[in-house]
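Colleague: Right, I'll just put the structure down here and ask away after.
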Amino acid sequence: MTGRHGPGRAGRVVAAVVLAVTVAAGRGGDAPTRAGDGCAPGRGPLTVDDLPAGSSVLECAAVGRLVTHEGAGVTVPEPGMKVTVDTLAVDGSRHGFTLEVAADGTVSYDLAADAGSEEHTHAAGPPAAARAACADSAYAVADHKEYGTYDWWIGDGPLPGGLSPADARRAFEAAIGTITGTRNDCGYGDAVGARAAYHSVTHHEADVDGGAHCTARDGVSVWDAGNLSGGVVATTCSWSRPVPGGPDWLKEADVRFNTGDYTFTNNPGDHCANAYDIRSVATHEAGHVFGLGHVGAGHEGQTMFTNSFACSTSARTLGRGDVLGLRRLY
Ligand SMILES: [Zn+2]
C-alpha cells in the first residue's frame with residue numbers, strides 16, 4: 001500500500017487528520033447542544049452524534065453515559081478529563097477514539113482511526129510490509145504521557161494464561177519495563193524518564209466492560225483479564241488531564257486481556273497453536289499506557305502495530321518507530 005515516496009504518504013495522513021477535525025467542528029456547529037433539544041436523549045448508549053463536539057456534558061447531563069463510535073466506547077468523564085480507548089484486534093482493524101471534556105464541560109473528540117494519535121512516517125524504500133523492525137520509523141503518539149510514576153495493581157480474578165499473581169506480575173513488569181526502559185534491538189538507549197511501580201493484588205478491576213468499552217474510572221490502575229467482545233485481544237483505557245502546552249498528564253490506565261475468547265501463554269514454543277504471548281500483548285498495551293498509539297498496515301514489525309500475532313514474541317522488544325515515538329513524548 002505504501003508508496004515509495006514517504007512524504008506522499010505522510011501528506012495523506014495529515015490530510016485525513018485535518019478532515020476529521022473539520023467534520024467534528026462542523027457537527028459541533030450544526031448540532032443541537034441544549035438539554036431537551038436533542039442532546040443525550042433517553043437511556044442507553046449514545047453515539048458521537050447524540051453528544052456532538054461542542055455540546056456541553058453539563059447541559060446534556062451526559063457525565064457517566066456511554067458514548068460509542070464504530071464499535072468502541074467510553075464513559076463520559078467529569079469536566080477536565082480526557083479518556084482514550086485502544087483495542088488490540090486479531091484482524092488489524094483499528095478501534096478506538098478519544099473523548100475530552102473541557103473544564104467548562106464542552107465535548108471534543110479525536111475520532112481518528114488510530115485512537116487520538118498523530119501518525120508520523122519517515123520511511124521510504126522497500127515495501128513497508130517487508131521492513132524489519134529496526135528499519136521502520138513509523139510511530140503514532142496519543143496526546144498524553146506519564147510525568148511521574150505509573151502506579152499499578154493486578155486484579156484478584158483470573159489472569160491471562162492462568163498465571164499466578166506472582167507470575168503475572170513478572171510478565172507485566174517485564175512488559176512495562178520494556179517501555180520505561182526503551183528496550184530494543186536497534187541500538188537505541190533509554191529515552192523514557194517515567195517510572196512504574198507495582199503495588200499489590202487488588203479487589204479493584206480494570207474499568208472496562210464486556211463490550212471493551214471504558215467504564216467510569218475508579219482511580220486505581222489495574223491489569224486483569226475477562227471477557228471482551230469477540231475480535232478484541234486486549235483493551236487499554238487511559239484517562240488524562242490537560243497540561244498547558246501538553247501532552248496531557250496520565251491519571252489512570254487500565255488493561256484487560258480477553259480470556260473469554262482467546263488463549264494466552266507465557267512461553268510460546270514449538271507447540272504453540274493460536275495462543276497469544278502474554279508479554280508481547282502486555283508490551284503493546286504498556287505502550288498505550290505511556291502514550292503510544294497504533295501504526296497500521298505495513299508496520300507489522302513495530303510493537304504498536306494495530307493487531308497481534310498468535311505465537312509471536314516479536315512485540316516483546318521495541319522497533320525503531322516505537323522508540324522514536326517514545327522519544328517524541330519523553
Ligand atoms: Zn493497541
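Letters for chains follow the order of the C-alpha cells (A, B, ...), residue numbers begin at 1 for each chain, and ligand numbers begin at 1 in the order shown.
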As a list in words, please: every protein or nucleic acid residue near ligand 1 (cut-off 7 Å, counting only C-alpha atoms and all ligand atoms).

Modeller: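 Final answer, ordered by chain and number: Asp86, Thr87, Leu88, His284, Glu285, His288, Gly293, His294, Met304 and Thr306 of chain A.
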
Colleague: Sorted by chain and rising residue number, which residues of range 203-318 of chain A lie within 8 Å of range 91-103 of chain A, and what are their closest atom pairs and distances in Å to one decimal, counting only C-alpha atoms, as a Markdown table?

Modeller:
```
| residue | atom | partner | partner_atom | distance |
| --- | --- | --- | --- | --- |
| A:Gly231 | CA | A:Asp91 | CA | 7.2 |
| A:Gly296 | CA | A:Gly92 | CA | 7.4 |
| A:Ala297 | CA | A:Gly92 | CA | 7.7 |
| A:Thr306 | CA | A:Gly92 | CA | 5.4 |
| A:Asn307 | CA | A:Gly92 | CA | 4.5 |
| A:Ser308 | CA | A:Gly92 | CA | 7.7 |
```

Colleague: What are the closest atom pairs, with distances in Å to one decimal, for all residues of range 217-325 of chain A lying within 12 Å of range 154-157 of chain A? Consider only C-alpha atoms, order rows by chain and residue number, and present the result as CSV.

Modeller:
```
residue,atom,partner,partner_atom,distance
A:Val220,CA,A:Ile154,CA,10.0
A:Ser221,CA,A:Ile154,CA,8.5
A:Val222,CA,A:Ile154,CA,5.4
A:Trp223,CA,A:Ile154,CA,5.0
A:Asp224,CA,A:Gly155,CA,5.0
A:Ala225,CA,A:Gly157,CA,7.4
A:Gly226,CA,A:Gly157,CA,8.5
A:Asn227,CA,A:Gly157,CA,11.9
A:Asp254,CA,A:Ile154,CA,9.9
A:Val255,CA,A:Ile154,CA,9.6
A:Arg256,CA,A:Gly155,CA,9.6
A:Phe257,CA,A:Gly155,CA,11.4
A:Thr259,CA,A:Gly157,CA,11.5
```

Colleague: With only C-alpha atoms as the atoms that count, which of A:Leu326, A:Ala171, A:Ile278, A:Leu111 lies nearest to Gly193 in chain A?

Modeller: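 Closest to Gly193 in chain A, using only C-alpha atoms: A:Leu326.
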
Colleague: Counting only C-alpha atoms, which residue out of A:Arg327, A:Arg43, A:His299, A:Arg320 sits closest to Ala191 in chain A?

Modeller: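 Of A:Arg327, A:Arg43, A:His299, A:Arg320, the one nearest Ala191 in chain A is A:Arg327, counting only C-alpha atoms.
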
Colleague: Interatomic distance between CA of Pro41 in chain A and CA of Leu58 in chain A?

Modeller: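 Atom-to-atom, CA of Pro41 in chain A and CA of Leu58 in chain A are spaced 13.6 Å apart.
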
Colleague: Just list as an MDAnalysis selection string whatever in range 125-330 of chain A DSSP marks as alpha helix (DSSP H).

Modeller: chainID A and resid 165:180 278:289 320:329

Colleague: When you draw a straight line from CA of Thr106 in chain A to CA of Glu59 in chain A, how long is it in Å?

Modeller: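 We find that CA of Thr106 in chain A and CA of Glu59 in chain A lie 9.4 Å from each other.
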
Colleague: Between CA of Tyr276 in chain A and CA of Phe309 in chain A, measure the distance and give it in Å to one decimal.

Modeller: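 Rounded to one decimal, the two atoms are 6.9 Å apart.
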
Colleague: Tell me, which residues of range 36-241 of chain A carry DSSP strand (DSSP E), written as a ChimeraX atom specification?

Modeller: /A:46-47,66-69,72-75,81-89,96-101,107-110,117-120,139-142,144-145,149-155,195-202,222-226,232-241

Colleague: What's around Arg328 in chain A at 12 Å? Count only C-alpha atoms, leave out sequence neighbours fewer than 5 positions away in its own chain, and write the answer as a VMD selection string.

Modeller: chain A and resid 118 to 120 138 to 145 191 to 192 247 290 to 292 321 to 323

Colleague: Limited to C-alpha atoms, could you put the picked residues into a file as an mmCIF file, in the first residue's frame?

Modeller:
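Wrote again.cif, looks like this:
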```
data_model
loop_
_atom_site.group_PDB
_atom_site.id
_atom_site.type_symbol
_atom_site.label_atom_id
_atom_site.label_comp_id
_atom_site.auth_asym_id
_atom_site.auth_seq_id
_atom_site.Cartn_x
_atom_site.Cartn_y
_atom_site.Cartn_z
ATOM 1 C CA GLU A 118 -0.818 11.550 15.308
ATOM 2 C CA GLU A 119 0.976 9.333 12.848
ATOM 3 C CA HIS A 120 4.442 10.007 11.548
ATOM 4 C CA ALA A 138 6.664 4.897 11.756
ATOM 5 C CA TYR A 139 5.019 5.728 15.048
ATOM 6 C CA ALA A 140 1.911 7.354 16.452
ATOM 7 C CA VAL A 141 1.517 9.190 19.734
ATOM 8 C CA ALA A 142 -1.593 9.893 21.761
ATOM 9 C CA ASP A 143 -1.557 13.276 23.441
ATOM 10 C CA HIS A 144 -0.734 12.034 26.915
ATOM 11 C CA LYS A 145 2.256 10.809 28.910
ATOM 12 C CA ALA A 191 14.621 7.678 26.373
ATOM 13 C CA VAL A 192 11.806 7.429 28.902
ATOM 14 C CA PRO A 247 0.991 16.385 26.382
ATOM 15 C CA PHE A 290 2.725 5.549 28.275
ATOM 16 C CA GLY A 291 1.221 7.388 25.304
ATOM 17 C CA LEU A 292 1.918 5.459 22.112
ATOM 18 C CA GLY A 321 9.295 3.585 15.295
ATOM 19 C CA ASP A 322 8.242 2.572 18.820
ATOM 20 C CA VAL A 323 11.464 4.090 20.154
#
```

Colleague: Which of these residues is nearest to Gly211 in chain A, using only C-alpha atoms: A:Ala53, A:Leu66, A:Val289, A:Ala282?

Modeller: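 Using only C-alpha atoms, the shortest distance to Gly211 in chain A belongs to A:Leu66.
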
Colleague: List the spatial neighbours of Thr263 in chain A as a ChimeraX atom specification - criterion: any atom at most 8 Å away, only C-alpha atoms, same-chain residues fewer than 6 positions off excluded.

Modeller: /A:160-161,274-276

Colleague: Which residues of range 152-217 of chain A come within 12 Å of range 68-80 of chain A, and what is each one's closest atom pair and distance in Å (one decimal), counting only C-alpha atoms, sorted by chain and residue number, as a tab-separated table?

Modeller:
```
residue	atom	partner	partner_atom	distance
A:Asp207	CA	A:Thr75	CA	9.9
A:Val208	CA	A:Val74	CA	8.9
A:Asp209	CA	A:Gly73	CA	9.5
A:Gly210	CA	A:Gly73	CA	10.9
A:Gly211	CA	A:Ala72	CA	7.9
A:Ala212	CA	A:Ala72	CA	7.1
A:His213	CA	A:Gly73	CA	4.4
A:Cys214	CA	A:Val74	CA	4.5
A:Thr215	CA	A:Thr75	CA	5.1
A:Ala216	CA	A:Thr75	CA	5.8
A:Arg217	CA	A:Pro77	CA	8.1
```

Colleague: Any chance you could export the current selection's C-alpha atoms as a PDB file, in the first residue's frame?

Modeller:
```pdb
ATOM      1  CA  ASP A 207     -12.610  -0.200  34.274  1.00  0.00           C
ATOM      2  CA  VAL A 208     -13.583  -1.984  31.053  1.00  0.00           C
ATOM      3  CA  ASP A 209     -16.933  -3.626  30.293  1.00  0.00           C
ATOM      4  CA  GLY A 210     -17.751  -6.741  28.271  1.00  0.00           C
ATOM      5  CA  GLY A 211     -18.044  -4.683  25.103  1.00  0.00           C
ATOM      6  CA  ALA A 212     -14.431  -3.494  25.556  1.00  0.00           C
ATOM      7  CA  HIS A 213     -15.780  -0.037  26.447  1.00  0.00           C
ATOM      8  CA  CYS A 214     -14.219   2.148  29.122  1.00  0.00           C
ATOM      9  CA  THR A 215     -16.472   2.490  32.160  1.00  0.00           C
ATOM     10  CA  ALA A 216     -16.168   5.221  34.808  1.00  0.00           C
ATOM     11  CA  ARG A 217     -12.678   5.272  36.293  1.00  0.00           C
TER      12      ARG A 217
END
```

Colleague: Restricting the calculation to only C-alpha atoms: of A:Gly298, A:Cys311, A:Ala234, A:Lys82, which residue gets closest to Cys272 in chain A?

Modeller: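 Closest to Cys272 in chain A, using only C-alpha atoms: A:Cys311.
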